[in-house]
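K.L.:
My structure file structure.txt, compact mmCIF, C-alpha atoms and all ligand atoms, is below:
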```txt
# COMPACT_ATOMS: atom_id res chain seq x y z
CA MET A 152 94.21 72.91 -234.35
CA LEU A 153 95.01 75.14 -231.33
CA ARG A 154 97.86 76.71 -233.28
CA ARG A 155 95.54 77.49 -236.21
CA ALA A 156 92.96 79.03 -233.85
CA LEU A 157 95.56 81.18 -232.11
CA LEU A 158 97.04 82.40 -235.36
CA ALA A 159 93.52 83.25 -236.62
CA MET A 160 92.88 85.06 -233.31
CA SER A 161 95.89 87.27 -233.96
CA ALA A 162 93.88 88.91 -236.77
CA SER A 163 90.87 89.80 -234.55
CA LYS A 164 90.79 93.42 -233.47
CA GLN A 165 88.38 92.73 -230.55
CA VAL A 166 90.60 90.01 -229.09
CA ARG A 167 93.63 92.19 -229.62
CA ASP A 168 92.08 95.16 -227.78
CA LEU A 169 90.96 92.93 -224.90
CA ILE A 170 94.35 91.29 -224.42
CA MET A 171 96.34 94.49 -224.79
CA ALA A 172 94.16 96.20 -222.17
CA THR A 173 94.69 93.44 -219.57
CA PRO A 174 97.32 94.67 -217.10
CA LEU A 175 98.57 91.15 -216.25
CA THR A 176 99.40 90.50 -219.90
CA ARG A 177 102.37 92.76 -219.28
CA ASP A 178 104.07 90.16 -217.06
CA VAL A 179 103.91 87.67 -219.89
CA VAL A 180 105.05 90.21 -222.45
CA ALA A 181 108.07 91.07 -220.30
CA ARG A 182 109.27 87.49 -220.64
CA PHE A 183 109.51 87.76 -224.43
CA VAL A 184 110.01 91.49 -225.05
CA ALA A 185 112.88 93.73 -223.83
CA GLY A 186 110.67 96.76 -223.11
CA GLU A 187 109.09 99.61 -225.03
CA THR A 188 111.96 102.01 -225.69
CA VAL A 189 115.36 102.12 -227.41
CA ALA A 190 116.88 102.53 -223.93
CA ASP A 191 115.23 99.24 -222.83
CA ALA A 192 116.59 97.50 -225.95
CA LEU A 193 120.08 98.86 -225.31
CA THR A 194 120.07 97.74 -221.67
CA ALA A 195 119.04 94.18 -222.62
CA THR A 196 121.54 94.12 -225.51
CA GLU A 197 124.38 95.16 -223.25
CA ARG A 198 123.50 92.41 -220.78
CA LEU A 199 123.33 89.74 -223.49
CA ILE A 200 126.59 90.81 -225.11
CA SER A 201 128.38 90.86 -221.78
CA SER A 202 127.31 87.22 -221.32
CA GLY A 203 129.01 86.25 -224.59
CA ARG A 204 125.93 86.26 -226.82
CA LEU A 205 125.24 88.21 -230.01
CA VAL A 206 121.97 90.07 -230.60
CA THR A 207 119.56 90.92 -233.41
CA ILE A 208 117.06 93.62 -232.44
CA ASP A 209 113.53 93.82 -233.80
CA PHE A 210 111.44 96.98 -233.47
CA LEU A 211 108.00 95.41 -233.02
CA GLY A 212 105.30 96.16 -235.58
CA GLU A 213 103.94 94.71 -238.79
CA ASP A 214 101.31 95.26 -241.49
CA THR A 215 101.87 99.01 -241.62
CA ALA A 216 99.09 100.55 -243.71
CA ASP A 217 100.42 104.09 -244.04
CA PRO A 218 103.56 105.25 -245.95
CA ASP A 219 104.48 107.83 -243.28
CA GLN A 220 104.25 105.21 -240.58
CA ALA A 221 106.45 102.88 -242.66
CA ALA A 222 109.05 105.67 -243.00
CA GLY A 223 108.75 106.27 -239.25
CA VAL A 224 109.68 102.62 -238.58
CA ALA A 225 112.80 103.06 -240.74
CA ASP A 226 113.61 106.27 -238.80
CA GLU A 227 113.36 104.31 -235.56
CA TYR A 228 115.85 101.71 -236.84
CA VAL A 229 118.24 104.45 -237.98
CA ARG A 230 118.09 106.02 -234.49
CA LEU A 231 118.52 102.64 -232.85
CA LEU A 232 121.60 101.84 -234.98
CA ALA A 233 123.17 105.22 -234.17
CA GLN A 234 122.69 104.56 -230.46
CA LEU A 235 124.01 101.00 -230.70
CA SER A 236 127.08 102.38 -232.44
CA ALA A 237 127.55 105.16 -229.86
CA ALA A 238 127.31 102.57 -227.07
CA GLY A 239 129.94 100.40 -228.78
CA LEU A 240 127.49 97.51 -229.23
CA ALA A 241 127.23 97.33 -233.03
CA ALA A 242 130.87 96.90 -234.03
CA ARG A 243 131.73 93.61 -235.76
CA GLY A 244 128.03 92.77 -235.95
CA ARG A 245 127.72 92.01 -232.24
CA ALA A 246 124.27 93.59 -232.31
CA GLU A 247 122.49 93.78 -235.68
CA VAL A 248 118.83 94.45 -236.52
CA SER A 249 115.96 92.36 -237.91
CA VAL A 250 113.30 94.08 -240.02
CA LYS A 251 109.84 92.88 -241.04
CA PRO A 252 109.08 93.91 -244.63
CA THR A 253 105.43 94.72 -243.84
CA ALA A 254 106.53 97.02 -240.99
CA VAL A 255 108.34 99.19 -243.53
CA GLY A 256 105.62 99.21 -246.18
CA LEU A 257 105.55 95.93 -248.12
CA GLY A 258 101.80 95.56 -247.53
CA LEU A 259 100.83 99.09 -248.63
CA ALA A 260 98.00 99.23 -251.15
CA GLU A 261 100.20 101.21 -253.55
CA HIS A 262 103.95 100.93 -254.25
CA GLY A 263 104.44 98.58 -251.31
CA GLU A 264 107.49 96.82 -252.70
CA LYS A 265 109.20 100.05 -253.73
CA THR A 266 108.50 101.65 -250.35
CA ALA A 267 109.84 98.64 -248.42
CA LEU A 268 112.93 98.55 -250.63
CA GLU A 269 113.68 102.23 -250.01
CA ASN A 270 113.13 101.92 -246.27
CA ILE A 271 115.23 98.76 -245.86
CA SER A 272 117.94 100.35 -248.00
CA ARG A 273 118.01 103.31 -245.59
CA ILE A 274 118.28 100.94 -242.61
CA ALA A 275 121.03 98.91 -244.32
CA ALA A 276 123.04 102.11 -244.96
CA ALA A 277 122.74 103.05 -241.27
CA ALA A 278 123.77 99.52 -240.27
CA ARG A 279 126.82 99.69 -242.49
CA ASN A 280 127.82 103.03 -240.91
CA ALA A 281 127.46 101.42 -237.50
CA GLY A 282 129.62 98.44 -238.53
CA THR A 283 126.80 95.90 -238.51
CA THR A 284 124.17 94.15 -240.64
CA VAL A 285 120.44 93.76 -241.24
CA THR A 286 118.40 90.58 -241.55
CA VAL A 287 115.06 90.77 -243.36
CA ASP A 288 112.52 88.60 -241.51
CA MET A 289 110.18 86.33 -243.46
CA GLU A 290 106.45 86.74 -242.86
CA ASP A 291 103.40 84.89 -244.22
CA HIS A 292 103.33 82.95 -247.46
CA ALA A 293 102.01 85.83 -249.61
CA ARG A 294 105.11 87.87 -248.73
CA ILE A 295 107.74 85.29 -249.68
CA GLU A 296 108.25 86.15 -253.35
CA PRO A 297 108.27 89.95 -252.87
CA THR A 298 110.61 89.58 -249.87
CA LEU A 299 113.08 87.39 -251.76
CA ARG A 300 112.94 89.88 -254.67
CA LEU A 301 113.67 92.76 -252.28
CA VAL A 302 116.59 90.93 -250.70
CA GLY A 303 117.99 89.99 -254.11
CA GLU A 304 117.88 93.62 -255.28
CA LEU A 305 119.29 95.08 -252.07
CA ARG A 306 122.14 92.58 -251.95
CA ALA A 307 123.65 94.31 -255.01
CA ASP A 308 124.52 97.19 -252.65
CA TYR A 309 124.47 95.32 -249.33
CA PRO A 310 125.77 91.78 -249.94
CA ASP A 311 125.67 91.03 -246.21
CA LEU A 312 121.88 91.59 -246.00
CA GLY A 313 120.45 88.48 -244.32
CA CYS A 314 117.28 86.67 -245.37
CA VAL A 315 115.12 83.94 -243.86
CA ILE A 316 113.91 80.55 -245.09
CA GLN A 317 111.08 78.71 -243.30
CA SER A 318 111.31 74.91 -243.30
CA TYR A 319 107.53 74.39 -243.04
CA LEU A 320 107.16 75.04 -246.77
CA ARG A 321 107.62 72.55 -249.61
CA ARG A 322 109.79 74.99 -251.50
CA SER A 323 112.37 75.55 -248.71
CA ALA A 324 115.09 73.08 -249.73
CA ALA A 325 115.16 74.57 -253.24
CA ASP A 326 115.36 78.09 -251.76
CA CYS A 327 118.25 77.03 -249.51
CA THR A 328 120.12 75.56 -252.47
CA ALA A 329 119.69 78.82 -254.39
CA LEU A 330 120.90 80.87 -251.42
CA ALA A 331 123.87 78.79 -250.21
CA PHE A 332 126.52 80.84 -252.01
CA ALA A 333 129.58 82.59 -250.59
CA GLY A 334 128.76 85.56 -248.35
CA SER A 335 125.02 84.79 -248.25
CA ARG A 336 123.63 85.14 -244.71
CA VAL A 337 120.59 82.88 -244.38
CA ARG A 338 118.52 82.36 -241.25
CA LEU A 339 116.74 79.01 -241.18
CA CYS A 340 113.64 78.71 -238.98
CA LYS A 341 110.62 76.39 -238.91
CA GLY A 342 108.14 79.20 -239.68
CA ALA A 343 105.67 80.96 -237.41
CA TYR A 344 102.77 81.41 -239.84
CA GLN A 345 100.01 79.28 -241.37
CA ALA A 346 100.77 78.07 -244.91
CA PRO A 347 97.98 77.90 -247.50
CA ASP A 348 96.88 74.38 -248.54
CA GLY A 349 99.39 72.75 -250.81
CA ALA A 350 102.30 75.03 -249.93
CA GLY A 351 103.05 73.75 -246.44
CA LEU A 352 104.28 70.43 -245.08
CA ALA A 353 101.90 68.28 -243.04
CA GLY A 354 102.80 67.95 -239.38
CA ARG A 355 105.71 68.65 -237.07
CA ALA A 356 107.78 65.59 -238.05
CA GLU A 357 107.78 66.64 -241.71
CA VAL A 358 108.72 70.23 -240.79
CA ASP A 359 111.56 68.95 -238.60
CA ARG A 360 112.84 66.64 -241.36
CA SER A 361 112.71 69.57 -243.78
CA TYR A 362 114.64 71.69 -241.26
CA ALA A 363 117.37 69.03 -241.03
CA ARG A 364 117.53 68.82 -244.85
CA CYS A 365 117.72 72.61 -245.26
CA MET A 366 120.33 72.86 -242.51
CA ARG A 367 122.51 70.28 -244.28
CA ILE A 368 122.23 72.22 -247.56
CA LEU A 369 123.23 75.48 -245.85
CA LEU A 370 126.08 73.96 -243.81
CA GLU A 371 127.45 72.17 -246.88
CA GLY A 372 127.16 75.38 -248.90
CA ARG A 373 129.46 78.38 -248.91
CA GLY A 374 127.22 80.93 -247.19
CA TYR A 375 126.77 81.90 -243.54
CA PRO A 376 123.97 79.78 -241.98
CA MET A 377 122.03 81.24 -239.04
CA LEU A 378 120.27 78.28 -237.43
CA ALA A 379 117.25 79.68 -235.61
CA THR A 380 115.64 77.02 -233.45
CA HIS A 381 115.19 76.00 -229.81
CA ASP A 382 114.85 72.36 -230.77
CA PRO A 383 117.48 70.35 -228.83
CA ARG A 384 117.54 67.56 -231.41
CA LEU A 385 118.14 69.92 -234.34
CA ILE A 386 120.77 71.84 -232.37
CA ARG A 387 122.57 68.54 -231.70
CA ILE A 388 122.39 67.57 -235.38
CA ALA A 389 123.73 71.00 -236.36
CA GLY A 390 126.75 70.64 -234.06
CA THR A 391 127.53 67.15 -235.33
CA LYS A 392 127.14 68.11 -238.98
CA ALA A 393 129.25 71.26 -238.61
CA GLY A 394 131.97 69.17 -236.93
CA ILE A 395 131.96 66.57 -239.72
CA LEU A 396 132.18 69.32 -242.34
CA GLY A 397 135.02 71.03 -240.48
CA ARG A 398 133.05 74.28 -240.20
CA GLU A 399 134.78 76.74 -237.86
CA ALA A 400 132.64 78.08 -234.98
CA GLY A 401 132.75 81.55 -236.56
CA SER A 402 131.38 80.36 -239.91
CA PHE A 403 127.78 79.88 -238.72
CA GLU A 404 125.63 80.79 -235.74
CA TYR A 405 122.76 79.53 -233.64
CA GLN A 406 119.85 81.88 -233.02
CA MET A 407 117.16 81.80 -230.35
CA LEU A 408 114.41 84.13 -229.17
CA TYR A 409 114.78 86.38 -226.14
CA GLY A 410 113.36 84.63 -223.08
CA ILE A 411 113.39 81.15 -224.59
CA ARG A 412 115.94 78.57 -223.36
CA PRO A 413 118.34 81.22 -222.00
CA ALA A 414 120.40 78.57 -220.16
CA GLU A 415 120.92 76.69 -223.42
CA GLN A 416 121.95 79.95 -225.14
CA VAL A 417 124.64 80.49 -222.50
CA ARG A 418 125.73 76.84 -222.56
CA LEU A 419 126.31 76.96 -226.33
CA ALA A 420 128.13 80.31 -226.12
CA ASP A 421 130.31 79.06 -223.25
CA ALA A 422 131.19 76.02 -225.38
CA GLY A 423 132.56 78.37 -228.06
CA ALA A 424 129.59 78.56 -230.46
CA GLN A 425 128.22 81.84 -231.79
CA VAL A 426 124.73 82.39 -230.40
CA ARG A 427 122.54 85.31 -231.41
CA VAL A 428 119.43 86.30 -229.45
CA TYR A 429 116.46 87.81 -231.31
CA LEU A 430 115.46 90.70 -229.08
CA PRO A 431 112.14 92.48 -229.74
CA TYR A 432 111.21 95.83 -228.23
CA GLY A 433 108.39 98.34 -228.72
CA SER A 434 104.75 98.70 -227.78
CA ASP A 435 103.27 96.82 -230.76
CA TRP A 436 103.91 93.37 -229.28
CA TYR A 437 100.54 91.70 -229.87
CA GLY A 438 101.23 89.74 -233.10
CA TYR A 439 104.62 88.62 -231.80
CA LEU A 440 103.14 87.42 -228.50
CA VAL A 441 100.34 85.42 -230.16
CA ARG A 442 102.86 83.65 -232.43
CA ARG A 443 104.90 82.65 -229.35
CA LEU A 444 101.75 81.33 -227.63
CA ALA A 445 100.75 79.39 -230.74
CA GLU A 446 104.14 77.68 -230.88
CA ARG A 447 104.04 75.99 -227.54
CA PRO A 448 101.22 74.92 -225.19
CA ALA A 449 103.51 75.62 -222.19
CA ASN A 450 103.77 79.27 -223.26
CA LEU A 451 99.98 79.43 -223.45
CA ALA A 452 99.63 77.86 -219.99
CA PHE A 453 102.06 80.46 -218.60
CA PHE A 454 99.93 83.19 -220.18
CA LEU A 455 96.63 81.80 -218.85
CA ARG A 456 98.11 81.42 -215.35
CA ALA A 457 99.18 85.07 -215.41
CA LEU A 458 95.73 86.17 -216.60
CA SER A 459 93.92 84.22 -213.89
CA SER A 460 96.30 85.28 -211.13
CA THR A 461 94.68 87.42 -208.42
CA ARG A 462 97.90 89.25 -207.72
C1 LIG B 1 116.11 83.94 -233.96
C2 LIG B 1 114.79 83.56 -234.55
C3 LIG B 1 114.29 84.28 -235.61
C4 LIG B 1 113.07 83.91 -236.19
N1 LIG B 1 112.63 84.56 -237.31
C5 LIG B 1 111.52 84.12 -237.93
C6 LIG B 1 111.11 84.66 -239.18
O1 LIG B 1 111.73 85.57 -239.73
N2 LIG B 1 109.97 84.17 -239.73
C7 LIG B 1 109.25 83.16 -239.15
O2 LIG B 1 108.25 82.72 -239.73
N3 LIG B 1 109.61 82.64 -237.96
C8 LIG B 1 110.72 83.09 -237.34
N4 LIG B 1 111.09 82.53 -236.15
C9 LIG B 1 110.15 81.64 -235.42
C10 LIG B 1 110.30 80.19 -235.86
O3 LIG B 1 109.84 80.04 -237.16
C11 LIG B 1 109.53 79.24 -234.93
O4 LIG B 1 108.19 79.56 -234.95
C12 LIG B 1 110.03 79.26 -233.51
O5 LIG B 1 111.41 79.39 -233.43
C13 LIG B 1 109.68 77.93 -232.82
O6 LIG B 1 110.28 76.87 -233.49
P1 LIG B 1 111.44 75.96 -232.88
O7 LIG B 1 112.44 75.75 -233.98
O8 LIG B 1 111.99 76.54 -231.66
O9 LIG B 1 110.75 74.58 -232.67
P2 LIG B 1 109.45 74.10 -231.89
O10 LIG B 1 108.93 72.97 -232.73
O11 LIG B 1 108.52 75.20 -231.52
O12 LIG B 1 110.08 73.53 -230.56
C14 LIG B 1 110.97 72.41 -230.65
C15 LIG B 1 111.53 72.09 -229.29
O13 LIG B 1 112.29 73.21 -228.81
C16 LIG B 1 112.16 73.29 -227.39
N5 LIG B 1 111.47 74.55 -227.05
C17 LIG B 1 110.75 75.35 -227.84
N6 LIG B 1 110.27 76.41 -227.16
C18 LIG B 1 110.69 76.26 -225.89
C19 LIG B 1 110.51 77.00 -224.69
N7 LIG B 1 109.76 78.10 -224.64
N8 LIG B 1 111.11 76.55 -223.58
C20 LIG B 1 111.84 75.41 -223.59
N9 LIG B 1 112.03 74.66 -224.69
C21 LIG B 1 111.47 75.07 -225.81
C22 LIG B 1 111.30 72.13 -226.96
O14 LIG B 1 112.14 71.03 -226.68
C23 LIG B 1 110.50 71.84 -228.22
O15 LIG B 1 110.00 70.52 -228.28
C24 LIG B 1 112.33 82.84 -235.62
C25 LIG B 1 112.84 82.11 -234.54
C26 LIG B 1 114.06 82.44 -234.02
C27 LIG B 1 114.61 81.60 -232.91
```
Using structure tokens, write down the structure from this file.
P.N.:
Amino acid sequence: MLRRALLAMSASKQVRDLIMATPLTRDVVARFVAGETVADALTATERLISSGRLVTIDFLGEDTADPDQAAGVADEYVRLLAQLSAAGLAARGRAEVSVKPTAVGLGLAEHGEKTALENISRIAAAARNAGTTVTVDMEDHARIEPTLRLVGELRADYPDLGCVIQSYLRRSAADCTALAFAGSRVRLCKGAYQAPDGAGLAGRAEVDRSYARCMRILLEGRGYPMLATHDPRLIRIAGTKAGILGREAGSFEYQMLYGIRPAEQVRLADAGAQVRVYLPYGSDWYGYLVRRLAERPANLAFFLRALSSTR
């Protein structure tokens, strides 16, 4: 109920303007976001890599309504990748990038899919030059088919382009089966959006069961699973299953969000697992922040405490 309300709130311009104008919001944002500039992203990336973790960097923004702005987002990624490469952080995929299709034009009124394809292709070429990869994030339900089409087309030129499956949907196990082939990089997450009636699974337990099922399909398959969750139970199941299947530590990775369970990230990395941190930066953090608040009442309490603080 609360989650639904918060996700609906993310679409309200008045609420957005109010929250973005509140100075104390910035303290909360700083917990989940690296900063506003490429330099901030590089500093945080360097720190994470030196602690044994891998990174995927997201330039914040979504639902771009203007083709020039969509091209500008791609330009930003190209600049970011050049700087990661120059700083020696991109080689062997230590730091890669994550791109939201609607940030690079998928939602445009005209030629959205073509625009997003061209922009992601440009980013993927820059990533290849830098010695790293791109993962295409998955957004709301309406974007799933066009996003999977985009990824399918782009993989002809960039076979290491990653995609995302969300376990909160009924279709997810079938999608995982279709994507569990050699070389296929697939991030599995629970899903941060609201599914339309009939498409989504009812309740957390169902979503968790679906996650475990999808994870088994990906680990048993021949691709490269990227298990994105903070859920201790699912992380334990992943480790056990990978061990039973004889999967080498380098043949899959765990992924978590910047600022969430950092001690667990380090513990897994110290134990020899590959752990990648999803690191957002930029000034357009509102949608990202609201999704984090909707996920977990404790995050919301932290936010409300910061807002009511007299400091
Ligand atoms: C790397 C990465 C990439 C993602 N990419 C996408 C994407 O492309 N599309 C998309 O829709 N969603 C994406 N997500 C978001 C994802 O779908 C979930 O909304 C988000 O990860 C929360 O789900 P969870 O698996 O952590 O489980 P939850 O059900 O939220 O939490 C399960 C358990 O994890 C632990 N936990 C969770 N949060 C915290 C916390 N703050 N502190 C301590 N313990 C905590 C608690 O024990 C909790 O009970 C991504 C998530 C990650 C980690």
K.L.:
Name each residue within 9 Å of ligand LIG 1 (chain B), counting only C-alpha atoms and all ligand atoms, as a ChimeraX atom specification.
P.N.:
/A:207,249-251,286-291,314-319,338-344,355,358-359,362,377-385,405-413,427-430,442-443,445-447,449-450
K.L.:
List as a list in words the protein and nucleic acid residues near Arg373 in chain A, meaning an atom at most 7 Å away when all atoms listed in the file are counted, but skip any in the same chain fewer than 6 places from it.
P.N.:
Ala331, Phe332 and Ala333 of chain A
K.L.:
Quick one: distance from CA of Val337 in chain A to CA of Arg245 in chain A in Å, one decimal?
P.N.:
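It comes out at 16.8 Å.
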K.L.:
Pick from A:Leu259, A:Leu205, A:Ile274, A:Ala195: nearest to Arg243 in chain A, with only C-alpha atoms counted?
P.N.:
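Distance minimum relative to Arg243 in chain A lands on A:Leu205.
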K.L.:
Rank A:Leu320, A:Ala277, A:Ala329, A:Leu396 by their smallest atom-to-atom distance to Leu299 in chain A, using all atoms listed in the file, and report the top residue only.
P.N.:
A:Ala329
K.L.:
Using all atoms listed in the file, which residue out of A:Arg360, A:Arg294, A:Arg204, A:Arg177 lies closest to Gln416 in chain A?
P.N.:
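That would be A:Arg204, the residue with the smallest distance to Gln416 in chain A.
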K.L.:
Just checking: using all atoms listed in the file, which residue out of A:Ala400, A:Val255, A:Ala422, A:Ala242 ends up closest to Val224 in chain A?
P.N.:
A:Val255
K.L.:
Work out how far apart CA of Val180 in chain A and CA of Leu211 in chain A are and give it in Å to one decimal.
P.N.:
12.1 Å
K.L.:
Mind giving me the straight-line distance from CA of Leu312 in chain A to CA of Ala389 in chain A in Å, one decimal?
P.N.:
22.8 Å
K.L.:
Kindly indicate which residue among A:Arg155, A:Arg198, A:His262, A:Arg321 lies nearest to Glu357 in chain A, using all atoms listed in the file for the distances.
P.N.:
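Closest residue, counting all atoms listed in the file: A:Arg321.
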K.L.:
Point out the residue among A:Arg336, A:Arg387, A:Arg300, A:His292 with the least atom-to-atom distance to Arg322 in chain A, counting only C-alpha atoms.
P.N.:
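Between A:Arg336, A:Arg387, A:Arg300, A:His292, the residue approaching Arg322 in chain A most closely is A:His292.
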K.L.:
Please write out, as AutoDock Vina command-line options, where the centre of an axis-aligned box around all listed atoms of range 212-217 of chain A lies and how long its edges are, in Å to one decimal, after adding 5 Å on each side.
P.N.:
```
--center_x 102.2 --center_y 99.4 --center_z -239.8 --size_x 16.2 --size_y 19.4 --size_z 18.5
```
K.L.:
So that I can check the surroundings of Ser236 in chain A, please list as a PyMOL selection string every protein, DNA and RNA residue that reaches within 10 Å of it, counting all atoms listed in the file and ignoring chain neighbours fewer than 2 positions away.
P.N.:
chain A and resi 230-234+238-242+246+277-278+280-283
